[in-house]
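Below you'll find the structure, written out as structure tokens, and then a few comments.
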2 protein chains.
Amino acid sequence: MSPRGRRPAGSPDTREAILAAARTAFARDGYQTSLRGIARDAGVDPALVHHYFPDRATLFAKAVIESTAGIDANLTHRAAGITELEPEQLGEGIVRAVISLWDEAGADRFTAVIHAALGQGGRVEPFRDFIAIGVLSPIVTHFCPDRPQLRAQLIASQIIGLGLARWVARMDHIASLDAEALVALVGPTIQRYAFDDLPDVANPA
Amino acid sequence: MSPRGRRPAGSPDTREAILAAARTAFARDGYQTSLRGIARDAGVDPALVHHYFPDRATLFAKAVIESTAGIDANLTHRAAGITELEPEQLGEGIVRAVISLWDEAGADRFTAVIHAALGQGGRVEPFRDFIAIGVLSPIVTHFCPDRPQLRAQLIASQIIGLGLARWVARMDHIASLDAEALVALVGPTIQRYAFDDLPDVANPA
């Protein structure tokens, strides 16, 4: 602790202290919890939160999604692996990556992330911020510059729904299939959202 | 009230009393709340709950989904309308029905249903019981006898994910589109899940 009672930058414990405080705060208050409150709980200057985690979505991903899923969940690393696929493998690759992560982590952990994201009834946007914009949008942009955000959000809608069906609602015909069966069933949907000519719909205002 | 302090069958208030008690109990305890407790709270014999509502999924649908969405939400009626479509209209018809219902009801009401369904962290299956089995499976069986339950659950996964993207996470590119644009974008996914030859994956155990 510094003379002001705060952990300094560079202390090996500082990043972990922020993550621990964030995990508690997100679970208690939902996604829109106060970042200043997290800094206070961790005993660090608020600027240090931004030093280690550039935005709320990244902090949520590291504190809640990755820590809940387990130590091998490094989402940025997994996303980078997907950009190395051939374009025709993209849909299957995305489904395979998601299913393998959460089958390994466990259904209860996926459910815990959903609950943390939905919070106590507040309006929460971790899926939009992190999944659609932070992870999927760069992947889709890499493969397809045409309307990448719309494509990423369509893909996110199917992936989140698949996760809810398999790990939260435990719909029996989806929950009992092995990963490669789901890759074969749902991969073509993702492939279409990523690459097909989409109907000429109006852009958002 | 009867001499035993319970409302008799056929009393005009009985059905409404059960619905009111169920609404409170589902919101408080989640989908697995006690049906006997609902009967007790409503002041009716437990057999009357089953008389008016044949199963938990129907009671949840009437008490939570329809009452939250509004008086015009009659899901059984809407589902019957879809079975009258031509097969090539099925995917678009399902998307149109879902979007029009919840755009009219309001995003906050969809979010409220999601929260009631997910409850306080327990394992909850209203989507499986009601959406996939109660509503979608009969529709899909009507059009396609080949593996209707798997097809219904794949459709449910995309529809629930679309709802989360549009009304809960409010992903901007999906939330800002009008209903017919989403019908054009997502209808073909539903159509494929309903009618295409699906890969020959193992059936659930």
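Letters for chains follow the order of the structure tokens (A, B, ...), residue numbers begin at 1 for each chain, and ligand numbers begin at 1 in the order shown.
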Tell me, counting only C-alpha atoms, for each residue of chain A within 6 Å of chain B, which pair of atoms is nearest and how far apart they are in Å to one decimal, in rows ordered by chain and increasing number, as a tab-separated table.
residue	atom	partner	partner_atom	distance
A:Glu125	CA	B:Ala169	CA	4.9
A:Arg128	CA	B:Met171	CA	5.3
A:Leu150	CA	B:His173	CA	5.3
A:Ser157	CA	B:Gly161	CA	4.4
A:Gln158	CA	B:Gln158	CA	5.0
A:Ile160	CA	B:Gly161	CA	5.5
A:Gly161	CA	B:Gly161	CA	3.8
A:Leu162	CA	B:Ser157	CA	5.0
A:Ala165	CA	B:Ser157	CA	5.6
A:Ala169	CA	B:Glu125	CA	4.9
A:Met171	CA	B:Arg128	CA	5.4
A:His173	CA	B:Leu150	CA	5.3
A:Ser176	CA	B:Pro204	CA	5.2
A:Ala181	CA	B:Val201	CA	5.5
A:Val201	CA	B:Ala181	CA	5.5
A:Pro204	CA	B:Ser176	CA	5.2
Margin query: Show me, as a list in words, the residues that have an atom within 9 Å of B:Arg96 when counting only C-alpha atoms, minus same-chain residues fewer than 3 positions from it.
Written below: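 Once the nearby chain positions are removed, what remains is Gly91, Glu92, Gly93, Ile99, Ser100, Leu101, Ala179, Glu180, Leu182, Val183 and Gly187 of chain B.
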For the contact check between stretch 34-55 of chain A and stretch 23-27 of chain A, emit one row per residue of stretch 34-55 of chain A within 12 Å, containing the shortest atom pair and the distance in Å rounded to one decimal, counting only C-alpha atoms, chain then rising number order, as JSON lines.
{"residue": "A:Ser34", "atom": "CA", "partner": "A:Ala25", "partner_atom": "CA", "distance": 8.0}
{"residue": "A:Leu35", "atom": "CA", "partner": "A:Ala25", "partner_atom": "CA", "distance": 9.0}
{"residue": "A:Arg36", "atom": "CA", "partner": "A:Ala25", "partner_atom": "CA", "distance": 10.8}
{"residue": "A:Gly37", "atom": "CA", "partner": "A:Ala25", "partner_atom": "CA", "distance": 8.1}
{"residue": "A:Ile38", "atom": "CA", "partner": "A:Ala25", "partner_atom": "CA", "distance": 6.7}
{"residue": "A:Ala39", "atom": "CA", "partner": "A:Ala25", "partner_atom": "CA", "distance": 10.5}
{"residue": "A:Arg40", "atom": "CA", "partner": "A:Ala25", "partner_atom": "CA", "distance": 11.1}
{"residue": "A:Asp41", "atom": "CA", "partner": "A:Ala25", "partner_atom": "CA", "distance": 9.0}
{"residue": "A:Ala42", "atom": "CA", "partner": "A:Thr24", "partner_atom": "CA", "distance": 10.6}
Notebook entry, point to check: What separation in Å, quoted to one decimal, exists between atom CA of A:Gly30 and atom CA of A:Ala97?
Noted result: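 Atom-to-atom, atom CA of A:Gly30 to atom CA of A:Ala97, that is 26.1 Å.
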Notebook entry, point to check: What gap, in Å, lies between atom CA of B:Ala79 and atom CA of B:Asp29?
Noted result: 28.2 Å
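Proximity of A:Asp45, A:Glu88, A:His77, A:Leu136 to A:Asp196, computed with only C-alpha atoms, is greatest for A:Glu88.
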Note to self: To one decimal place in Å, what is the distance between atom CA of A:Tyr52 and atom CA of A:Asp103?
What the structure shows: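 Answer for the atom CA of A:Tyr52 to atom CA of A:Asp103 separation: 29.2 Å.
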From the DSSP assignment of the backbone, select every residue of stretch 57-168 of chain B that is alpha helix (DSSP H), and format the answer as an mmCIF file with N, CA, C and O atoms, in the first residue's frame.
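The resulting file, part_14.cif, is reproduced below:
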data_model
loop_
_atom_site.group_PDB
_atom_site.id
_atom_site.type_symbol
_atom_site.label_atom_id
_atom_site.label_comp_id
_atom_site.auth_asym_id
_atom_site.auth_seq_id
_atom_site.Cartn_x
_atom_site.Cartn_y
_atom_site.Cartn_z
ATOM 1 N N ALA B 57 -45.741 -25.556 -17.946
ATOM 2 C CA ALA B 57 -45.369 -24.672 -19.054
ATOM 3 C C ALA B 57 -46.539 -23.787 -19.475
ATOM 4 O O ALA B 57 -46.368 -22.604 -19.760
ATOM 5 N N THR B 58 -47.738 -24.368 -19.506
ATOM 6 C CA THR B 58 -48.912 -23.581 -19.891
ATOM 7 C C THR B 58 -49.222 -22.512 -18.847
ATOM 8 O O THR B 58 -49.534 -21.364 -19.181
ATOM 9 N N LEU B 59 -49.108 -22.895 -17.573
ATOM 10 C CA LEU B 59 -49.352 -21.913 -16.506
ATOM 11 C C LEU B 59 -48.335 -20.775 -16.588
ATOM 12 O O LEU B 59 -48.692 -19.593 -16.469
ATOM 13 N N PHE B 60 -47.061 -21.122 -16.818
ATOM 14 C CA PHE B 60 -46.033 -20.081 -16.953
ATOM 15 C C PHE B 60 -46.330 -19.181 -18.144
ATOM 16 O O PHE B 60 -46.212 -17.953 -18.058
ATOM 17 N N SER B 67 -49.282 -12.446 -19.794
ATOM 18 C CA SER B 67 -49.705 -11.298 -19.002
ATOM 19 C C SER B 67 -48.659 -10.197 -19.065
ATOM 20 O O SER B 67 -48.981 -9.017 -18.964
ATOM 21 N N THR B 68 -47.394 -10.574 -19.239
ATOM 22 C CA THR B 68 -46.362 -9.556 -19.359
ATOM 23 C C THR B 68 -46.429 -8.876 -20.711
ATOM 24 O O THR B 68 -46.291 -7.660 -20.829
ATOM 25 N N ALA B 69 -46.642 -9.685 -21.742
ATOM 26 C CA ALA B 69 -46.647 -9.110 -23.088
ATOM 27 C C ALA B 69 -47.885 -8.255 -23.330
ATOM 28 O O ALA B 69 -47.844 -7.307 -24.093
ATOM 29 N N LEU B 75 -50.636 -16.898 -27.275
ATOM 30 C CA LEU B 75 -49.584 -17.596 -28.012
ATOM 31 C C LEU B 75 -50.117 -18.785 -28.789
ATOM 32 O O LEU B 75 -49.651 -19.078 -29.889
ATOM 33 N N THR B 76 -51.097 -19.471 -28.217
ATOM 34 C CA THR B 76 -51.666 -20.619 -28.909
ATOM 35 C C THR B 76 -52.339 -20.173 -30.206
ATOM 36 O O THR B 76 -52.196 -20.807 -31.257
ATOM 37 N N HIS B 77 -53.044 -19.069 -30.127
ATOM 38 C CA HIS B 77 -53.707 -18.528 -31.305
ATOM 39 C C HIS B 77 -52.691 -18.110 -32.367
ATOM 40 O O HIS B 77 -52.858 -18.391 -33.562
ATOM 41 N N ARG B 78 -51.620 -17.453 -31.920
ATOM 42 C CA ARG B 78 -50.586 -17.040 -32.875
ATOM 43 C C ARG B 78 -49.926 -18.257 -33.524
ATOM 44 O O ARG B 78 -49.625 -18.257 -34.717
ATOM 45 N N ALA B 79 -49.688 -19.297 -32.699
ATOM 46 C CA ALA B 79 -49.070 -20.507 -33.253
ATOM 47 C C ALA B 79 -49.983 -21.162 -34.287
ATOM 48 O O ALA B 79 -49.527 -21.638 -35.329
ATOM 49 N N ALA B 80 -51.287 -21.171 -34.007
ATOM 50 C CA ALA B 80 -52.234 -21.762 -34.956
ATOM 51 C C ALA B 80 -52.204 -21.010 -36.277
ATOM 52 O O ALA B 80 -52.305 -21.612 -37.355
ATOM 53 N N GLY B 81 -52.048 -19.693 -36.209
ATOM 54 C CA GLY B 81 -51.969 -18.902 -37.431
ATOM 55 C C GLY B 81 -50.786 -19.304 -38.297
ATOM 56 O O GLY B 81 -50.877 -19.317 -39.535
ATOM 57 N N ILE B 82 -49.701 -19.654 -37.654
ATOM 58 C CA ILE B 82 -48.500 -20.012 -38.413
ATOM 59 C C ILE B 82 -48.692 -21.337 -39.154
ATOM 60 O O ILE B 82 -48.186 -21.513 -40.266
ATOM 61 N N THR B 83 -49.448 -22.273 -38.568
ATOM 62 C CA THR B 83 -49.645 -23.557 -39.245
ATOM 63 C C THR B 83 -50.474 -23.409 -40.525
ATOM 64 O O THR B 83 -50.521 -24.334 -41.336
ATOM 65 N N LEU B 90 -42.758 -20.405 -43.881
ATOM 66 C CA LEU B 90 -42.667 -20.722 -42.454
ATOM 67 C C LEU B 90 -41.603 -19.892 -41.738
ATOM 68 O O LEU B 90 -41.869 -19.289 -40.695
ATOM 69 N N GLY B 91 -40.374 -19.874 -42.282
ATOM 70 C CA GLY B 91 -39.289 -19.161 -41.611
ATOM 71 C C GLY B 91 -39.624 -17.690 -41.417
ATOM 72 O O GLY B 91 -39.496 -17.146 -40.314
ATOM 73 N N GLU B 92 -40.070 -17.070 -42.474
ATOM 74 C CA GLU B 92 -40.434 -15.659 -42.362
ATOM 75 C C GLU B 92 -41.603 -15.459 -41.411
ATOM 76 O O GLU B 92 -41.641 -14.495 -40.648
ATOM 77 N N GLY B 93 -42.563 -16.393 -41.457
ATOM 78 C CA GLY B 93 -43.739 -16.257 -40.603
ATOM 79 C C GLY B 93 -43.404 -16.336 -39.126
ATOM 80 O O GLY B 93 -43.965 -15.587 -38.311
ATOM 81 N N ILE B 94 -42.490 -17.226 -38.766
ATOM 82 C CA ILE B 94 -42.098 -17.348 -37.368
ATOM 83 C C ILE B 94 -41.383 -16.083 -36.897
ATOM 84 O O ILE B 94 -41.679 -15.537 -35.836
ATOM 85 N N VAL B 95 -40.447 -15.592 -37.711
ATOM 86 C CA VAL B 95 -39.724 -14.380 -37.313
ATOM 87 C C VAL B 95 -40.690 -13.203 -37.206
ATOM 88 O O VAL B 95 -40.661 -12.430 -36.242
ATOM 89 N N ARG B 96 -41.593 -13.085 -38.182
ATOM 90 C CA ARG B 96 -42.537 -11.971 -38.171
ATOM 91 C C ARG B 96 -43.430 -12.018 -36.935
ATOM 92 O O ARG B 96 -43.683 -10.989 -36.294
ATOM 93 N N ALA B 97 -43.888 -13.220 -36.563
ATOM 94 C CA ALA B 97 -44.782 -13.344 -35.406
ATOM 95 C C ALA B 97 -44.067 -12.951 -34.117
ATOM 96 O O ALA B 97 -44.627 -12.253 -33.264
ATOM 97 N N VAL B 98 -42.826 -13.399 -33.967
ATOM 98 C CA VAL B 98 -42.086 -13.104 -32.738
ATOM 99 C C VAL B 98 -41.760 -11.619 -32.643
ATOM 100 O O VAL B 98 -41.975 -10.978 -31.610
ATOM 101 N N ILE B 99 -41.254 -11.058 -33.734
ATOM 102 C CA ILE B 99 -40.860 -9.645 -33.711
ATOM 103 C C ILE B 99 -42.074 -8.758 -33.491
ATOM 104 O O ILE B 99 -42.036 -7.805 -32.693
ATOM 105 N N SER B 100 -43.181 -9.054 -34.152
ATOM 106 C CA SER B 100 -44.338 -8.169 -34.015
ATOM 107 C C SER B 100 -44.899 -8.232 -32.600
ATOM 108 O O SER B 100 -45.286 -7.213 -32.031
ATOM 109 N N LEU B 101 -44.919 -9.441 -32.003
ATOM 110 C CA LEU B 101 -45.430 -9.551 -30.636
ATOM 111 C C LEU B 101 -44.618 -8.694 -29.668
ATOM 112 O O LEU B 101 -45.172 -7.884 -28.921
ATOM 113 N N TRP B 102 -43.295 -8.829 -29.700
ATOM 114 C CA TRP B 102 -42.477 -8.188 -28.663
ATOM 115 C C TRP B 102 -42.125 -6.754 -29.006
ATOM 116 O O TRP B 102 -41.839 -5.956 -28.097
ATOM 117 N N ASP B 103 -42.130 -6.390 -30.280
ATOM 118 C CA ASP B 103 -41.996 -4.967 -30.582
ATOM 119 C C ASP B 103 -43.211 -4.216 -30.050
ATOM 120 O O ASP B 103 -43.095 -3.107 -29.522
ATOM 121 N N GLU B 104 -44.376 -4.864 -30.170
ATOM 122 C CA GLU B 104 -45.599 -4.243 -29.667
ATOM 123 C C GLU B 104 -45.615 -4.231 -28.138
ATOM 124 O O GLU B 104 -45.975 -3.245 -27.508
ATOM 125 N N ALA B 105 -45.223 -5.344 -27.549
ATOM 126 C CA ALA B 105 -45.257 -5.444 -26.082
ATOM 127 C C ALA B 105 -44.219 -4.542 -25.435
ATOM 128 O O ALA B 105 -44.450 -3.993 -24.357
ATOM 129 N N ALA B 107 -39.634 -3.752 -25.241
ATOM 130 C CA ALA B 107 -38.381 -4.422 -24.875
ATOM 131 C C ALA B 107 -38.334 -4.731 -23.382
ATOM 132 O O ALA B 107 -37.843 -5.789 -22.974
ATOM 133 N N ASP B 108 -38.833 -3.820 -22.555
ATOM 134 C CA ASP B 108 -38.761 -4.057 -21.119
ATOM 135 C C ASP B 108 -39.579 -5.279 -20.720
ATOM 136 O O ASP B 108 -39.228 -5.987 -19.779
ATOM 137 N N ARG B 109 -40.663 -5.527 -21.426
ATOM 138 C CA ARG B 109 -41.490 -6.688 -21.092
ATOM 139 C C ARG B 109 -40.818 -7.981 -21.524
ATOM 140 O O ARG B 109 -40.894 -8.982 -20.831
ATOM 141 N N PHE B 110 -40.153 -7.967 -22.671
ATOM 142 C CA PHE B 110 -39.383 -9.152 -23.060
ATOM 143 C C PHE B 110 -38.299 -9.420 -22.019
ATOM 144 O O PHE B 110 -38.099 -10.552 -21.569
ATOM 145 N N THR B 111 -37.608 -8.360 -21.605
ATOM 146 C CA THR B 111 -36.557 -8.513 -20.600
ATOM 147 C C THR B 111 -37.124 -9.063 -19.302
ATOM 148 O O THR B 111 -36.506 -9.916 -18.648
ATOM 149 N N ALA B 112 -38.312 -8.611 -18.915
ATOM 150 C CA ALA B 112 -38.935 -9.110 -17.691
ATOM 151 C C ALA B 112 -39.217 -10.603 -17.782
ATOM 152 O O ALA B 112 -39.038 -11.347 -16.800
ATOM 153 N N VAL B 113 -39.663 -11.055 -18.947
ATOM 154 C CA VAL B 113 -39.917 -12.484 -19.122
ATOM 155 C C VAL B 113 -38.617 -13.271 -19.018
ATOM 156 O O VAL B 113 -38.551 -14.326 -18.380
ATOM 157 N N ILE B 114 -37.559 -12.771 -19.626
ATOM 158 C CA ILE B 114 -36.257 -13.449 -19.542
ATOM 159 C C ILE B 114 -35.825 -13.561 -18.079
ATOM 160 O O ILE B 114 -35.360 -14.618 -17.630
ATOM 161 N N HIS B 115 -35.999 -12.493 -17.338
ATOM 162 C CA HIS B 115 -35.591 -12.536 -15.933
ATOM 163 C C HIS B 115 -36.449 -13.511 -15.132
ATOM 164 O O HIS B 115 -35.934 -14.247 -14.289
ATOM 165 N N ALA B 116 -37.756 -13.518 -15.391
ATOM 166 C CA ALA B 116 -38.620 -14.467 -14.685
ATOM 167 C C ALA B 116 -38.233 -15.897 -15.035
ATOM 168 O O ALA B 116 -38.234 -16.790 -14.179
ATOM 169 N N ALA B 117 -37.879 -16.118 -16.292
ATOM 170 C CA ALA B 117 -37.523 -17.471 -16.723
ATOM 171 C C ALA B 117 -36.201 -17.910 -16.105
ATOM 172 O O ALA B 117 -36.046 -19.060 -15.693
ATOM 173 N N LEU B 118 -35.241 -16.989 -16.042
ATOM 174 C CA LEU B 118 -33.936 -17.357 -15.508
ATOM 175 C C LEU B 118 -33.959 -17.413 -13.990
ATOM 176 O O LEU B 118 -33.106 -18.067 -13.384
ATOM 177 N N PRO B 126 -38.379 -23.045 -18.909
ATOM 178 C CA PRO B 126 -39.604 -22.637 -19.596
ATOM 179 C C PRO B 126 -39.426 -22.565 -21.095
ATOM 180 O O PRO B 126 -40.348 -22.839 -21.843
ATOM 181 N N SER B 137 -42.653 -27.088 -31.469
ATOM 182 C CA SER B 137 -42.625 -28.472 -31.920
ATOM 183 C C SER B 137 -43.890 -28.853 -32.693
ATOM 184 O O SER B 137 -43.794 -29.485 -33.744
ATOM 185 N N PRO B 138 -45.085 -28.465 -32.219
ATOM 186 C CA PRO B 138 -46.278 -28.772 -33.028
ATOM 187 C C PRO B 138 -46.263 -28.101 -34.397
ATOM 188 O O PRO B 138 -46.694 -28.691 -35.389
ATOM 189 N N ILE B 139 -45.733 -26.873 -34.460
ATOM 190 C CA ILE B 139 -45.652 -26.193 -35.755
ATOM 191 C C ILE B 139 -44.715 -26.959 -36.679
ATOM 192 O O ILE B 139 -45.048 -27.255 -37.831
ATOM 193 N N VAL B 140 -43.547 -27.296 -36.167
ATOM 194 C CA VAL B 140 -42.560 -27.963 -37.008
ATOM 195 C C VAL B 140 -43.044 -29.361 -37.391
ATOM 196 O O VAL B 140 -42.861 -29.812 -38.526
ATOM 197 N N THR B 141 -43.673 -30.055 -36.442
ATOM 198 C CA THR B 141 -44.215 -31.376 -36.756
ATOM 199 C C THR B 141 -45.256 -31.288 -37.863
ATOM 200 O O THR B 141 -45.328 -32.148 -38.746
ATOM 201 N N HIS B 142 -46.057 -30.220 -37.829
ATOM 202 C CA HIS B 142 -47.081 -30.015 -38.847
ATOM 203 C C HIS B 142 -46.452 -29.931 -40.234
ATOM 204 O O HIS B 142 -46.994 -30.464 -41.209
ATOM 205 N N PHE B 143 -45.311 -29.264 -40.322
ATOM 206 C CA PHE B 143 -44.692 -29.050 -41.628
ATOM 207 C C PHE B 143 -43.694 -30.135 -41.992
ATOM 208 O O PHE B 143 -43.468 -30.394 -43.162
ATOM 209 N N PRO B 148 -38.593 -33.480 -35.825
ATOM 210 C CA PRO B 148 -39.186 -32.182 -35.486
ATOM 211 C C PRO B 148 -38.632 -31.576 -34.200
ATOM 212 O O PRO B 148 -38.532 -30.348 -34.097
ATOM 213 N N GLN B 149 -38.273 -32.404 -33.215
ATOM 214 C CA GLN B 149 -37.810 -31.808 -31.959
ATOM 215 C C GLN B 149 -36.440 -31.160 -32.105
ATOM 216 O O GLN B 149 -36.202 -30.068 -31.583
ATOM 217 N N LEU B 150 -35.543 -31.833 -32.816
ATOM 218 C CA LEU B 150 -34.240 -31.206 -33.071
ATOM 219 C C LEU B 150 -34.432 -29.915 -33.860
ATOM 220 O O LEU B 150 -33.847 -28.870 -33.535
ATOM 221 N N ARG B 151 -35.277 -29.958 -34.891
ATOM 222 C CA ARG B 151 -35.517 -28.751 -35.696
ATOM 223 C C ARG B 151 -36.133 -27.639 -34.838
ATOM 224 O O ARG B 151 -35.740 -26.477 -34.943
ATOM 225 N N ALA B 152 -37.087 -27.991 -33.986
ATOM 226 C CA ALA B 152 -37.732 -26.978 -33.152
ATOM 227 C C ALA B 152 -36.725 -26.341 -32.193
ATOM 228 O O ALA B 152 -36.766 -25.134 -31.945
ATOM 229 N N GLN B 153 -35.819 -27.140 -31.670
ATOM 230 C CA GLN B 153 -34.856 -26.584 -30.716
ATOM 231 C C GLN B 153 -33.805 -25.730 -31.417
ATOM 232 O O GLN B 153 -33.345 -24.727 -30.860
ATOM 233 N N LEU B 154 -33.422 -26.093 -32.631
ATOM 234 C CA LEU B 154 -32.524 -25.227 -33.392
ATOM 235 C C LEU B 154 -33.214 -23.893 -33.700
ATOM 236 O O LEU B 154 -32.607 -22.822 -33.577
ATOM 237 N N ILE B 155 -34.476 -23.960 -34.101
ATOM 238 C CA ILE B 155 -35.227 -22.719 -34.366
ATOM 239 C C ILE B 155 -35.331 -21.891 -33.092
ATOM 240 O O ILE B 155 -35.111 -20.679 -33.094
ATOM 241 N N ALA B 156 -35.655 -22.559 -31.970
ATOM 242 C CA ALA B 156 -35.768 -21.838 -30.695
ATOM 243 C C ALA B 156 -34.461 -21.138 -30.348
ATOM 244 O O ALA B 156 -34.457 -20.013 -29.839
ATOM 245 N N SER B 157 -33.327 -21.804 -30.613
ATOM 246 C CA SER B 157 -32.044 -21.187 -30.262
ATOM 247 C C SER B 157 -31.842 -19.879 -31.021
ATOM 248 O O SER B 157 -31.375 -18.886 -30.458
ATOM 249 N N GLN B 158 -32.211 -19.846 -32.309
ATOM 250 C CA GLN B 158 -32.034 -18.614 -33.074
ATOM 251 C C GLN B 158 -33.039 -17.537 -32.655
ATOM 252 O O GLN B 158 -32.702 -16.358 -32.588
ATOM 253 N N ILE B 159 -34.264 -17.954 -32.372
ATOM 254 C CA ILE B 159 -35.295 -16.982 -31.994
ATOM 255 C C ILE B 159 -34.996 -16.355 -30.630
ATOM 256 O O ILE B 159 -35.107 -15.142 -30.440
ATOM 257 N N ILE B 160 -34.598 -17.176 -29.656
ATOM 258 C CA ILE B 160 -34.274 -16.636 -28.334
ATOM 259 C C ILE B 160 -33.054 -15.724 -28.423
ATOM 260 O O ILE B 160 -33.015 -14.643 -27.835
ATOM 261 N N GLY B 161 -32.050 -16.151 -29.201
ATOM 262 C CA GLY B 161 -30.862 -15.317 -29.359
ATOM 263 C C GLY B 161 -31.179 -13.995 -30.049
ATOM 264 O O GLY B 161 -30.648 -12.944 -29.681
ATOM 265 N N LEU B 162 -32.075 -14.050 -31.038
ATOM 266 C CA LEU B 162 -32.481 -12.810 -31.712
ATOM 267 C C LEU B 162 -33.184 -11.875 -30.733
ATOM 268 O O LEU B 162 -32.939 -10.663 -30.725
ATOM 269 N N GLY B 163 -34.045 -12.433 -29.896
ATOM 270 C CA GLY B 163 -34.731 -11.623 -28.891
ATOM 271 C C GLY B 163 -33.765 -10.989 -27.907
ATOM 272 O O GLY B 163 -33.888 -9.805 -27.566
#
